[in-house]
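Q: Input file: run_8.cif. Contents: mmCIF, C-alpha atoms.
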```cif
data_structure
#
loop_
_atom_site.label_atom_id
_atom_site.label_comp_id
_atom_site.auth_asym_id
_atom_site.auth_seq_id
_atom_site.Cartn_x
_atom_site.Cartn_y
_atom_site.Cartn_z
CA MET Y 1 -3.47 -64.71 19.79
CA SER Y 2 0.27 -64.71 20.55
CA LEU Y 3 2.66 -62.23 18.92
CA LEU Y 4 4.17 -65.09 16.88
CA LYS Y 5 0.77 -66.15 15.59
CA ALA Y 6 -0.15 -62.53 14.89
CA THR Y 7 3.06 -62.07 12.90
CA LEU Y 8 2.29 -65.23 10.93
CA THR Y 9 -1.06 -63.74 9.92
CA ASN Y 10 0.83 -61.11 7.88
CA SER Y 11 2.48 -63.85 5.83
CA ALA Y 12 -0.77 -65.79 5.60
CA SER Y 13 -2.56 -62.67 4.39
CA ARG Y 14 0.02 -62.16 1.64
CA VAL Y 15 -0.41 -65.78 0.54
CA PHE Y 16 -4.20 -65.41 0.65
CA GLY Y 17 -3.90 -62.28 -1.48
CA LYS Y 18 -1.93 -64.16 -4.13
CA VAL Y 19 -4.44 -67.03 -4.20
CA ALA Y 20 -7.36 -64.59 -4.37
CA SER Y 21 -5.71 -62.92 -7.38
CA LYS Y 22 -5.27 -66.20 -9.28
CA LYS Y 23 -7.41 -66.73 -12.38
CA PHE Y 24 -9.01 -70.18 -12.41
CA PRO Y 25 -10.84 -71.69 -15.40
CA SER Y 26 -14.15 -69.87 -15.80
CA LEU Y 27 -16.43 -72.65 -14.50
CA ILE Y 28 -14.25 -73.23 -11.45
CA GLN Y 29 -14.07 -69.48 -10.78
CA LEU Y 30 -17.83 -69.22 -11.10
CA GLY Y 31 -18.18 -71.95 -8.48
CA ILE Y 32 -15.69 -70.18 -6.17
CA ASN Y 33 -17.53 -66.89 -6.54
CA LYS Y 34 -20.92 -68.45 -5.82
CA LEU Y 35 -19.55 -70.32 -2.82
CA TYR Y 36 -18.03 -67.13 -1.41
CA THR Y 37 -21.21 -65.08 -1.78
CA SER Y 38 -23.26 -67.92 -0.29
CA VAL Y 39 -21.01 -68.33 2.76
CA THR Y 40 -20.58 -64.61 3.46
CA GLY Y 41 -24.04 -63.41 2.45
CA VAL Y 42 -22.85 -61.00 -0.24
CA ASP Y 43 -25.73 -59.32 -2.10
CA LEU Y 44 -24.83 -58.68 -5.75
CA SER Y 45 -28.03 -56.86 -6.69
CA MET Y 46 -26.12 -53.56 -7.07
CA PHE Y 47 -23.16 -55.22 -8.78
CA HIS Y 48 -22.27 -57.39 -11.76
CA PRO Y 49 -23.30 -61.08 -11.54
CA HIS Y 50 -20.97 -63.88 -10.37
CA GLY Y 51 -19.60 -64.68 -13.81
CA HIS Y 52 -18.24 -61.17 -14.32
CA TYR Y 53 -15.37 -61.64 -11.85
CA GLU Y 54 -12.27 -63.44 -13.12
CA THR Y 55 -10.70 -63.73 -9.67
CA LEU Y 56 -11.91 -63.80 -6.09
CA ASN Y 57 -10.08 -60.54 -5.55
CA ALA Y 58 -12.08 -58.94 -8.35
CA LEU Y 59 -15.23 -59.99 -6.51
CA PHE Y 60 -13.91 -58.59 -3.21
CA THR Y 61 -13.15 -55.23 -4.82
CA ARG Y 62 -16.23 -55.07 -7.02
CA GLU Y 63 -17.43 -51.72 -8.31
CA LEU Y 64 -20.95 -50.43 -7.88
CA ARG Y 65 -22.98 -50.59 -11.08
CA PHE Y 66 -25.30 -47.78 -10.02
CA LYS Y 67 -24.52 -44.41 -8.47
CA ARG Y 68 -25.50 -43.80 -4.87
CA ASP Y 69 -27.45 -40.72 -3.87
CA ILE Y 70 -25.17 -38.39 -1.89
CA SER Y 71 -26.25 -35.40 0.17
CA LYS Y 72 -25.30 -32.10 -1.45
CA ASP Y 73 -25.58 -30.27 1.87
CA PRO Y 74 -22.06 -28.83 2.45
CA LYS Y 75 -22.49 -29.38 6.20
CA SER Y 76 -23.21 -33.10 5.87
CA ILE Y 77 -20.57 -35.80 6.33
CA ILE Y 78 -21.26 -39.15 4.69
CA SER Y 79 -20.22 -42.67 5.54
CA PRO Y 80 -17.09 -43.55 3.57
CA ALA Y 81 -18.10 -47.21 3.24
CA ASP Y 82 -20.76 -49.88 3.57
CA SER Y 83 -20.13 -50.93 7.15
CA LEU Y 84 -21.32 -51.32 10.72
CA ILE Y 85 -20.75 -48.39 13.07
CA SER Y 86 -19.13 -50.27 15.94
CA ALA Y 87 -18.32 -47.29 18.20
CA LEU Y 88 -18.63 -43.51 18.24
CA GLY Y 89 -18.42 -40.70 20.75
CA GLU Y 90 -16.14 -38.13 22.34
CA ILE Y 91 -12.35 -38.48 22.50
CA GLU Y 92 -11.66 -38.27 26.24
CA ALA Y 93 -8.12 -37.65 27.56
CA SER Y 94 -6.83 -38.86 24.16
CA ASP Y 95 -8.75 -42.18 24.39
CA ALA Y 96 -11.45 -43.46 22.03
CA LEU Y 97 -13.30 -46.79 22.03
CA GLN Y 98 -12.53 -49.87 19.94
CA ILE Y 99 -15.79 -51.26 21.25
CA LYS Y 100 -17.66 -50.74 24.50
CA GLY Y 101 -15.22 -51.02 27.40
CA PHE Y 102 -12.11 -51.36 25.23
CA ALA Y 103 -10.23 -48.18 24.33
CA TYR Y 104 -7.31 -47.14 22.14
CA ASN Y 105 -5.09 -44.11 22.60
CA ILE Y 106 -5.18 -41.72 19.67
CA ARG Y 107 -1.62 -40.54 20.31
CA GLU Y 108 -0.45 -44.12 19.74
CA LEU Y 109 -2.85 -44.59 16.84
CA LEU Y 110 -1.65 -41.46 15.03
CA THR Y 111 2.05 -41.98 15.92
CA LYS Y 112 4.75 -39.36 16.52
CA HIS Y 113 4.56 -38.43 12.83
CA ILE Y 114 1.45 -36.39 13.61
CA SER Y 115 2.37 -33.26 15.56
CA ASN Y 116 1.35 -32.77 19.18
CA THR Y 117 -0.38 -29.55 18.14
CA GLN Y 118 -2.62 -31.46 15.75
CA ILE Y 119 -3.29 -34.25 18.23
CA GLU Y 120 -4.27 -31.75 20.94
CA LYS Y 121 -7.00 -30.47 18.61
CA MET Y 122 -8.54 -33.94 18.71
CA ILE Y 123 -8.94 -34.06 22.50
CA GLY Y 124 -12.59 -33.41 23.25
CA GLY Y 125 -13.39 -34.01 19.58
CA GLN Y 126 -15.35 -36.89 18.08
CA PHE Y 127 -14.48 -40.36 16.81
CA ILE Y 128 -16.37 -42.95 14.80
CA ASN Y 129 -15.36 -46.51 13.82
CA PHE Y 130 -16.67 -48.29 10.72
CA TYR Y 131 -16.32 -52.10 10.56
CA LEU Y 132 -16.41 -53.66 7.09
CA SER Y 133 -17.30 -57.35 7.13
CA PRO Y 134 -16.42 -59.83 4.36
CA MET Y 135 -19.95 -59.39 2.95
CA ASP Y 136 -19.60 -55.63 2.50
CA TYR Y 137 -18.64 -53.55 -0.54
CA HIS Y 138 -14.88 -53.06 0.03
CA ARG Y 139 -14.26 -49.70 -1.62
CA TYR Y 140 -14.15 -46.55 0.44
CA HIS Y 141 -15.04 -43.02 -0.55
CA VAL Y 142 -14.41 -39.39 0.36
CA PRO Y 143 -16.69 -38.37 3.27
CA MET Y 144 -16.72 -34.63 2.45
CA ASP Y 145 -14.92 -32.16 0.20
CA MET Y 146 -11.41 -32.20 1.61
CA LYS Y 147 -7.73 -31.51 1.18
CA VAL Y 148 -5.24 -34.25 2.03
CA LEU Y 149 -2.23 -32.85 3.88
CA LYS Y 150 -0.35 -36.00 4.79
CA ALA Y 151 -0.44 -39.81 4.61
CA VAL Y 152 1.40 -41.99 7.12
CA HIS Y 153 1.84 -45.68 6.37
CA VAL Y 154 2.41 -47.62 9.60
CA PRO Y 155 3.45 -51.28 9.10
CA GLY Y 156 2.09 -53.59 11.77
CA LEU Y 157 0.33 -56.82 12.54
CA LEU Y 158 -2.86 -58.09 10.94
CA TYR Y 159 -5.13 -59.20 13.75
CA PRO Y 160 -8.73 -59.84 12.74
CA VAL Y 161 -10.87 -56.79 13.55
CA ASN Y 162 -14.13 -58.55 14.38
CA PHE Y 163 -15.81 -58.06 17.76
CA THR Y 164 -14.22 -61.19 19.24
CA TYR Y 165 -10.70 -59.85 18.69
CA LEU Y 166 -11.60 -56.27 19.63
CA LYS Y 167 -12.49 -57.68 23.07
CA LYS Y 168 -9.42 -59.94 23.28
CA VAL Y 169 -6.60 -57.70 22.04
CA PRO Y 170 -5.97 -54.40 23.92
CA SER Y 171 -5.53 -51.41 21.58
CA LEU Y 172 -5.86 -53.64 18.53
CA PHE Y 173 -6.14 -50.70 16.13
CA VAL Y 174 -2.79 -49.41 17.40
CA LYS Y 175 -1.11 -52.79 16.77
CA ASN Y 176 -2.44 -53.37 13.25
CA GLU Y 177 -1.02 -52.01 10.01
CA ARG Y 178 -2.72 -48.77 9.01
CA VAL Y 179 -2.67 -45.77 6.72
CA ILE Y 180 -3.39 -42.41 8.38
CA LEU Y 181 -4.70 -39.53 6.28
CA GLU Y 182 -4.43 -36.05 7.77
CA CYS Y 183 -7.11 -33.91 6.14
CA GLN Y 184 -8.80 -30.51 6.22
CA ASP Y 185 -12.27 -29.56 5.10
CA VAL Y 186 -13.02 -26.44 3.05
CA ASN Y 187 -12.96 -24.35 6.25
CA GLU Y 188 -9.56 -25.79 7.27
CA LYS Y 189 -11.06 -27.86 10.07
CA LEU Y 190 -8.83 -30.84 10.89
CA PHE Y 191 -9.83 -34.51 10.76
CA TYR Y 192 -8.25 -37.91 10.22
CA VAL Y 193 -9.25 -40.94 8.17
CA ILE Y 194 -7.42 -44.07 9.37
CA LEU Y 195 -7.56 -47.24 7.27
CA VAL Y 196 -6.84 -50.24 9.50
CA GLY Y 197 -5.59 -53.52 8.01
CA ALA Y 198 -6.82 -56.92 9.16
CA LEU Y 199 -6.41 -60.65 8.60
CA ASN Y 200 -6.51 -61.50 4.88
CA VAL Y 201 -6.50 -57.83 3.87
CA GLY Y 202 -3.78 -58.39 1.31
CA LYS Y 203 -3.68 -54.74 0.38
CA MET Y 204 -5.11 -51.30 1.06
CA THR Y 205 -4.96 -48.78 -1.77
CA LEU Y 206 -5.35 -45.04 -2.18
CA SER Y 207 -6.71 -43.74 -5.45
CA PHE Y 208 -4.63 -40.53 -5.35
CA ASP Y 209 -1.23 -42.09 -4.54
CA ALA Y 210 -0.13 -45.43 -5.98
CA ARG Y 211 3.18 -45.23 -4.09
CA ILE Y 212 1.58 -46.39 -0.85
CA GLU Y 213 1.84 -50.19 -0.65
CA THR Y 214 0.58 -52.14 2.35
CA ASN Y 215 1.26 -55.67 3.63
CA ILE Y 216 4.60 -55.92 1.82
CA ASP Y 217 6.77 -57.01 4.75
CA ALA Y 218 7.88 -53.44 5.43
CA SER Y 219 9.19 -52.40 8.83
CA GLU Y 220 9.63 -48.61 8.56
CA ILE Y 221 6.94 -45.96 8.80
CA LYS Y 222 6.69 -43.87 5.63
CA VAL Y 223 5.32 -40.35 5.48
CA TYR Y 224 3.93 -38.70 2.35
CA GLU Y 225 3.11 -34.98 2.27
CA TYR Y 226 0.87 -33.19 -0.21
CA GLU Y 227 0.34 -29.57 -1.18
CA GLU Y 228 -2.55 -29.49 -3.63
CA THR Y 229 -4.44 -32.77 -3.24
CA TYR Y 230 -8.15 -31.95 -3.20
CA LEU Y 231 -10.88 -34.61 -3.24
CA LYS Y 232 -14.62 -34.25 -3.69
CA LYS Y 233 -17.34 -35.81 -1.54
CA GLY Y 234 -18.28 -39.26 -2.84
CA GLU Y 235 -15.18 -39.81 -4.99
CA GLU Y 236 -13.53 -43.19 -4.67
CA LEU Y 237 -10.71 -43.01 -2.12
CA GLY Y 238 -9.41 -46.58 -2.43
CA MET Y 239 -10.19 -50.15 -1.46
CA PHE Y 240 -9.56 -52.95 1.00
CA MET Y 241 -8.86 -56.38 -0.44
CA MET Y 242 -11.19 -57.80 2.21
CA GLY Y 243 -13.16 -56.58 5.24
CA SER Y 244 -11.50 -54.22 7.70
CA THR Y 245 -12.04 -51.00 9.70
CA ILE Y 246 -12.02 -47.26 9.08
CA VAL Y 247 -11.59 -44.84 11.99
CA MET Y 248 -12.40 -41.15 11.67
CA LEU Y 249 -11.27 -38.53 14.22
CA PHE Y 250 -12.53 -34.93 14.22
CA GLU Y 251 -11.19 -31.88 16.01
CA ARG Y 252 -13.25 -30.51 18.93
CA ASP Y 253 -16.12 -28.09 18.35
CA TYR Y 254 -16.41 -29.22 14.76
CA ILE Y 255 -19.14 -31.81 14.16
CA ASP Y 256 -22.21 -33.49 15.62
CA LEU Y 257 -22.36 -37.25 15.12
CA LEU Y 258 -25.72 -38.93 14.56
CA GLU Y 259 -25.58 -41.04 17.73
CA GLU Y 260 -28.56 -43.15 16.67
CA LYS Y 261 -26.29 -44.75 14.05
CA LEU Y 262 -24.29 -46.58 16.74
CA GLY Y 263 -24.55 -50.32 16.25
CA LYS Y 264 -26.35 -49.86 12.92
CA SER Y 265 -25.32 -50.79 9.41
CA VAL Y 266 -24.78 -47.88 7.04
CA ARG Y 267 -24.02 -47.61 3.36
CA PHE Y 268 -21.53 -45.40 1.60
CA GLY Y 269 -23.38 -42.12 1.06
CA ASP Y 270 -25.51 -42.22 4.23
CA VAL Y 271 -25.19 -39.09 6.36
CA ILE Y 272 -23.41 -39.90 9.64
CA ALA Y 273 -22.62 -36.39 10.98
CA SER Y 274 -23.09 -32.69 10.35
CA LYS Y 275 -20.72 -29.76 10.75
CA HIS Y 276 -21.50 -26.97 13.22
#
```
Any chance you could give the structure as structure tokens?
A:
Amino acid sequence: MSLLKATLTNSASRVFGKVASKKFPSLIQLGINKLYTSVTGVDLSMFHPHGHYETLNALFTRELRFKRDISKDPKSIISPADSLISALGEIEASDALQIKGFAYNIRELLTKHISNTQIEKMIGGQFINFYLSPMDYHRYHVPMDMKVLKAVHVPGLLYPVNFTYLKKVPSLFVKNERVILECQDVNEKLFYVILVGALNVGKMTLSFDARIETNIDASEIKVYEYEETYLKKGEELGMFMMGSTIVMLFERDYIDLLEEKLGKSVRFGDVIASKH
């Protein structure tokens, strides 16, 4: 995909977002909803039925009807979303994997708005990438009890984040629009949650700060700092307006990832790592 075409996807995604938010007559909307779930394979057994959703966007961002079981073990870290774990492992010389054989640099991913001191803590630490497909539940949740220190909104392109494009576009995560959350756990261990935009992701939201707006034709990085923003494990953190990717980075000597989860589908609430 050329840079021009990639730039056009931002505009196309904004248009798609407007169309997806349009309310059609109920019978037409019902047909749209059923067609979407049929084509993408969405399972609504844990959600309201097709007729509940007045727009396609409401279907994308559907809420769970039933609570998920979440580990109460304070050392456990849960998956923030229903997703596929596309890559995980150790951050080597500041590089982590998009997918096997294709790396991204975490210094570029985190930008100069994250201090070198903080970035150095990540070297030798762990990373994990969660890919949300169009069929997945699009809300994301808090992976452990945590304090949010900073949010960095980085405008960018909106390449698709499926495996085809991860293999075609070098450092795709670095090129795409993203929101970086700098966080600490209850023991002041440092980690990052990075929400990566993608084609047709008209918006990414954060439940604790409505000021952060994505895919709005912005060109400047914006930084938001927090003093007393505490979130509990399992709370809703926000939502994608369609499928995308979440990257988590952990400081060294902090966690053990469950390596058997690589290449597997997980649900929000599944344990994906444990603290030392």
Q: To one decimal in Å, tell me the separation between CA of Val19 (chain Y) and CA of Leu237 (chain Y).
A: 24.9 Å
Q: Using only C-alpha atoms, pick whichever of Y:Gly269, Y:Lys233, Y:Glu63, Y:Ala93 has the shortest atom-to-atom distance to Pro49 (chain Y).
A: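 For Pro49 (chain Y), the nearest of the given residues is Y:Glu63.
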Q: Evaluate the PyMOL selection byres ((chain Y and resi 79-86) around 6) here and jot the selected residues down as a list in words.
A: Ile78, Ala87, Asn129, Phe130, Tyr131, Leu132, Asp136, Tyr137, Tyr140, His141, Val142, Pro143, Leu262, Gly263, Lys264, Ser265, Val266, Arg267, Phe268, Gly269, Asp270 and Ile272 of chain Y
Q: Separation of CA of Arg178 (chain Y) and CA of His153 (chain Y), in Å?
A: 6.1 Å
Q: Interatomic distance between CA of Ile119 (chain Y) and CA of Leu166 (chain Y)?
A: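 Pair CA of Ile119 (chain Y) / CA of Leu166 (chain Y) returns 23.6 Å.
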Q: Would you mind telling me which residue in Y:Ile255, Y:Val161, Y:Leu56, Y:Met46 lies nearest to Gly31 (chain Y) when using all atoms listed in the file?
A: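 Comparing Y:Ile255, Y:Val161, Y:Leu56, Y:Met46 against Gly31 (chain Y), the winner is Y:Leu56.
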Q: Which residue, Y:Lys167, Y:His276, Y:His138, Y:Lys23, has the smallest gap to Tyr53 (chain Y) when you use all atoms listed in the file?
A: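 So, comparing all the options, the nearest one is Y:Lys23.
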Q: Could you list, as a list in words, every residue matched by the PyMOL selection byres ((chain Y and resi 228) around 12) in this structure?
A: Met146, Lys147, Val148, Leu149, Lys150, Cys183, Gln184, Phe208, Glu225, Tyr226, Glu227, Thr229, Tyr230 and Leu231 of chain Y
Q: Tell me which of Y:Val196, Y:Leu109, Y:Ile77, Y:Val271 sits closest to Ala96 (chain Y), counting only C-alpha atoms.
A: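 Smallest distance to Ala96 (chain Y) is found for Y:Leu109.
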